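Please read the structure below before turning to the comments.
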Amino acid sequence: MPSDARDHVFTLYPYHNAIVQSAQGCLVRDTEGREYVDLAAGQLSASLGHGHPRLLEAARRQAEKVVHVGSRFLAAATLDGCAAIAGICPRGLDKVVLCSTGSEANELAIRMARAATGKHELVGVRQGYYGATHATLSLSDYVGFIRGLGVRAAGVHRLACPDCRRCPLGLEERSCDAACVKRSAAELRADSTGDIAAFLVEPVLGSGGIIVPPARFFAAVRQLADGYGALLIADEAQTGLGRTGRWLGMEHFGVRPDICVLSKGLGAGFPVAAVVTSAEIEERCIAAPLANMSSHSFDPFAGAIAAEVIRIIRDDGLVERADAMGRHLRARLQELVAHHAMLANVRGLGLMVGLDALSPESGEPSSLFSLALEAECLLEGVILGYSALSGVLRLLPPLTIAPAEIDRAIDGLDRAAARVAKSGLDLLRHAPTHAGSMKMAATFLTKL
Ligand SMILES: Cc1ncc(COP(=O)(O)O)c(C=O)c1O
């Protein structure tokens, strides 16, 4: 690798020094021959593991037939993909748009809701993340964006974050009856014009810190949305496609959204996303009309990938496997938490698992300690997802992960946590992260 090869990459993220050569199953290899257990499934997306042979074969077959046809034609693989997606959604949600990324899909879902209701304002959730386009980012509540690093739009509101461990009302989850939604409803009455098009929710808050809302939360949000004549959009980017031990995260809560957004796991590493709604909402959008243009809506390649991903998940029992492996992962993490004071609060559903990285001084979740743990884990051959903005480690491995791979990763995290406990944040000075990128990360964190 020439020494200046990286010079032509714009520093958009704090990149690691390791350059990836290849990946197979749950293992990633770098150009130096080092091997890593991937507990992040790439960007929480490669849910079948890397290089799944059946998926590669389906991709090759479809690429040989037709990849892209443009927006005036439908292709056989597109129909196949849409039917497969409708087959995993709740009854009545069976009208599908195929697109490429979660941000694009949420953006379209928002425009659908505005077209179908004739209303404009939006409601998200504090600590929610919906994407990086203008509308989705302005609705997102990443810590950094609150402090002026992101975009803000008028007519955007947020419900209280349903984090029962830090209940703003000091209530017990068992008996709270989603009182936080009632409190948010009062705020909404005061702050909004009432012209609300949609409520956007993640069934489990992902980037906000793997927060599982209390059982009644979504029923209460549904009722609130209905009261405004607004639509409920479930953003299943992280929770969809078996990740939580059910096909869709909302199944845990027994609430049917009006629009369901799928991405990440739907393409299992390929850029595939979908917006799914009912025939009735489709009709309202056609009448409005809904203006939408995108070069890659309904690409047959995306359709073939989505259909094959769903078939593989079904054939290999990966929804049930996510539930079983998630239990194993959480049990192993509980053992670690018992003897590492800096790790706490193991939580999640299925293979969507989070835990806090605590600062030894404050005992509170710490962005810098999650960064240090991630860096040390890399030296141990373990790739962790983390949310540096909330001090949370996120573990969303491929649904195909084996118990032995989980155990290997836990051993690495154990050694990494011991080193961070001993040497603290000094370790960050020698982090296996590109110096220029580190500067960028430090600037970003100090602005928060
Ligand atoms: C819940 C959620 N929605 C939307 C997005 C945006 O998806 P993408 O990065 O594919 O645009 C993400 C990405 O992390 C996400 O976690």
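Here, A, B, ... name the chains of the structure tokens in the order displayed, residue numbers run from 1 inside each chain, and ligands are numbered from 1 in the same displayed order.
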Extract, using only C-alpha atoms, all DNA, RNA and protein residues at most 9 Å from A:Ala109, discarding same-chain residues fewer than 3 positions from it, and format them as a ChimeraX atom specification. /A:104-106,112-114,233,259-261,275-277
Using only C-alpha atoms and all ligand atoms, find each residue of chain A with at least one atom at most 6 Å away from an atom of ligand 1; report its shortest atom-to-atom pair and that distance in Å (one decimal), sort the rows by chain and rising residue number, and return the result as a Markdown table.
| residue | atom | partner | partner_atom_place_in_ligand_line | distance |
| --- | --- | --- | --- | --- |
| A:Thr101 | CA | ligand 1 | 10 (O) | 3.9 |
| A:Gly102 | CA | ligand 1 | 7 (O) | 3.3 |
| A:Ser103 | CA | ligand 1 | 11 (O) | 3.6 |
| A:Tyr129 | CA | ligand 1 | 2 (C) | 5.5 |
| A:Tyr130 | CA | ligand 1 | 3 (N) | 3.9 |
| A:Gly131 | CA | ligand 1 | 6 (C) | 3.7 |
| A:Glu202 | CA | ligand 1 | 1 (C) | 5.9 |
| A:Gly206 | CA | ligand 1 | 16 (O) | 5.8 |
| A:Ser207 | CA | ligand 1 | 16 (O) | 5.9 |
| A:Asp235 | CA | ligand 1 | 1 (C) | 5.7 |
| A:Ala237 | CA | ligand 1 | 1 (C) | 4.7 |
| A:Gln238 | CA | ligand 1 | 16 (O) | 5.4 |
With a distance cut-off of 10 Å and only C-alpha atoms, select the neighbouring residues of A:Arg327, excluding the residue or stretch itself and same-chain residues fewer than 2 positions from it, and output the selection as a PDB file with N, CA and C atoms, in the first residue's frame.
ATOM      1  N   ARG A 321     -32.613 -17.563  15.617  1.00  0.00           N
ATOM      2  CA  ARG A 321     -31.201 -17.612  15.993  1.00  0.00           C
ATOM      3  C   ARG A 321     -30.767 -16.284  16.660  1.00  0.00           C
ATOM      4  N   ALA A 322     -31.285 -15.164  16.140  1.00  0.00           N
ATOM      5  CA  ALA A 322     -30.943 -13.853  16.733  1.00  0.00           C
ATOM      6  C   ALA A 322     -31.390 -13.816  18.185  1.00  0.00           C
ATOM      7  N   ASP A 323     -32.553 -14.397  18.441  1.00  0.00           N
ATOM      8  CA  ASP A 323     -33.059 -14.413  19.814  1.00  0.00           C
ATOM      9  C   ASP A 323     -32.127 -15.245  20.707  1.00  0.00           C
ATOM     10  N   ALA A 324     -31.778 -16.451  20.236  1.00  0.00           N
ATOM     11  CA  ALA A 324     -30.937 -17.353  21.046  1.00  0.00           C
ATOM     12  C   ALA A 324     -29.528 -16.797  21.234  1.00  0.00           C
ATOM     13  N   MET A 325     -28.926 -16.316  20.150  1.00  0.00           N
ATOM     14  CA  MET A 325     -27.556 -15.787  20.251  1.00  0.00           C
ATOM     15  C   MET A 325     -27.519 -14.498  21.076  1.00  0.00           C
ATOM     16  N   LEU A 329     -25.113 -13.737  24.139  1.00  0.00           N
ATOM     17  CA  LEU A 329     -24.255 -12.547  24.176  1.00  0.00           C
ATOM     18  C   LEU A 329     -24.524 -11.729  25.437  1.00  0.00           C
ATOM     19  N   ARG A 330     -25.790 -11.535  25.762  1.00  0.00           N
ATOM     20  CA  ARG A 330     -26.100 -10.714  26.949  1.00  0.00           C
ATOM     21  C   ARG A 330     -25.642 -11.409  28.227  1.00  0.00           C
ATOM     22  N   ALA A 331     -25.774 -12.751  28.268  1.00  0.00           N
ATOM     23  CA  ALA A 331     -25.323 -13.484  29.465  1.00  0.00           C
ATOM     24  C   ALA A 331     -23.810 -13.334  29.635  1.00  0.00           C
ATOM     25  N   ARG A 332     -23.075 -13.449  28.520  1.00  0.00           N
ATOM     26  CA  ARG A 332     -21.610 -13.314  28.611  1.00  0.00           C
ATOM     27  C   ARG A 332     -21.218 -11.886  29.021  1.00  0.00           C
ATOM     28  N   LEU A 333     -21.965 -10.898  28.518  1.00  0.00           N
ATOM     29  CA  LEU A 333     -21.655  -9.499  28.880  1.00  0.00           C
ATOM     30  C   LEU A 333     -21.956  -9.245  30.361  1.00  0.00           C
ATOM     31  N   GLY A 348     -31.053  -4.801  25.653  1.00  0.00           N
ATOM     32  CA  GLY A 348     -31.320  -4.972  24.231  1.00  0.00           C
ATOM     33  C   GLY A 348     -32.341  -6.058  23.972  1.00  0.00           C
ATOM     34  N   LEU A 349     -32.601  -6.276  22.701  1.00  0.00           N
ATOM     35  CA  LEU A 349     -33.511  -7.335  22.253  1.00  0.00           C
ATOM     36  C   LEU A 349     -32.792  -8.113  21.159  1.00  0.00           C
ATOM     37  N   GLY A 350     -32.830  -9.452  21.250  1.00  0.00           N
ATOM     38  CA  GLY A 350     -32.166 -10.269  20.237  1.00  0.00           C
ATOM     39  C   GLY A 350     -30.708  -9.880  20.122  1.00  0.00           C
ATOM     40  N   LEU A 351     -30.232  -9.735  18.883  1.00  0.00           N
ATOM     41  CA  LEU A 351     -28.826  -9.369  18.670  1.00  0.00           C
ATOM     42  C   LEU A 351     -28.661  -7.863  18.476  1.00  0.00           C
ATOM     43  N   VAL A 353     -27.760  -5.226  20.972  1.00  0.00           N
ATOM     44  CA  VAL A 353     -27.352  -5.223  22.376  1.00  0.00           C
ATOM     45  C   VAL A 353     -26.509  -3.980  22.656  1.00  0.00           C
TER      46      VAL A 353
END
Which polymer residues have any atom within 9 Å of an atom of stretch 171-178 of chain A, counting only C-alpha atoms, with same-chain residues fewer than 2 positions away left out, as a list of chain:residue names?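 Surrounding residues, per the criterion: A:Pro162, A:Cys164, A:Arg165, A:Cys167, A:Pro168, A:Leu169, A:Cys180, A:Val181, A:Lys182, A:Pro214, A:Ala215, A:Arg216, A:Phe217, A:Phe218, A:Ala219, A:Ala220.
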Any chance you can output those residues with N, CA and C atoms as a CSV table (one decimal), in the first residue's frame?
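Saved as out-v1.csv:
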chain,number,residue,atom,x,y,z
A,162,PRO,N,-37.9,7.5,25.8
A,162,PRO,CA,-38.4,6.5,26.7
A,162,PRO,C,-37.3,5.6,27.3
A,164,CYS,N,-36.2,4.2,30.4
A,164,CYS,CA,-36.7,3.9,31.8
A,164,CYS,C,-35.6,4.0,32.9
A,165,ARG,N,-34.4,3.8,32.5
A,165,ARG,CA,-33.3,3.8,33.5
A,165,ARG,C,-33.1,5.3,34.0
A,167,CYS,N,-35.7,7.7,33.9
A,167,CYS,CA,-37.1,8.3,33.7
A,167,CYS,C,-37.2,9.7,34.1
A,168,PRO,N,-37.5,10.6,33.2
A,168,PRO,CA,-37.6,12.1,33.6
A,168,PRO,C,-38.7,12.3,34.7
A,169,LEU,N,-39.6,11.4,34.8
A,169,LEU,CA,-40.7,11.6,35.8
A,169,LEU,C,-40.4,10.7,37.1
A,180,CYS,N,-44.7,9.3,30.2
A,180,CYS,CA,-43.8,10.3,29.5
A,180,CYS,C,-44.5,10.7,28.2
A,181,VAL,N,-45.3,9.9,27.6
A,181,VAL,CA,-46.0,10.3,26.4
A,181,VAL,C,-47.0,11.3,26.7
A,182,LYS,N,-47.7,11.1,27.8
A,182,LYS,CA,-48.7,12.1,28.2
A,182,LYS,C,-48.1,13.5,28.5
A,214,PRO,N,-40.7,1.2,27.1
A,214,PRO,CA,-41.6,0.4,27.9
A,214,PRO,C,-42.7,-0.1,27.1
A,215,ALA,N,-43.4,-1.2,27.5
A,215,ALA,CA,-44.4,-1.9,26.7
A,215,ALA,C,-45.5,-1.0,26.1
A,216,ARG,N,-46.0,-0.1,26.9
A,216,ARG,CA,-47.1,0.7,26.5
A,216,ARG,C,-46.7,1.9,25.6
A,217,PHE,N,-45.5,2.2,25.5
A,217,PHE,CA,-45.0,3.4,24.8
A,217,PHE,C,-45.6,3.6,23.5
A,218,PHE,N,-45.5,2.6,22.6
A,218,PHE,CA,-45.9,2.8,21.2
A,218,PHE,C,-47.5,2.8,21.1
A,219,ALA,N,-48.2,2.1,22.0
A,219,ALA,CA,-49.6,2.2,22.0
A,219,ALA,C,-50.0,3.7,22.3
A,220,ALA,N,-49.3,4.3,23.2
A,220,ALA,CA,-49.6,5.7,23.6
A,220,ALA,C,-49.3,6.6,22.5
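In this structure, atom CA of A:Ser297 sits 7.5 Å away from atom CA of A:Ser100.
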Nearest to A:Leu368: which of A:Ala338, A:Cys89, A:Leu425, A:Ile313 is it, counting only C-alpha atoms?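 Nearest to A:Leu368: A:Leu425.
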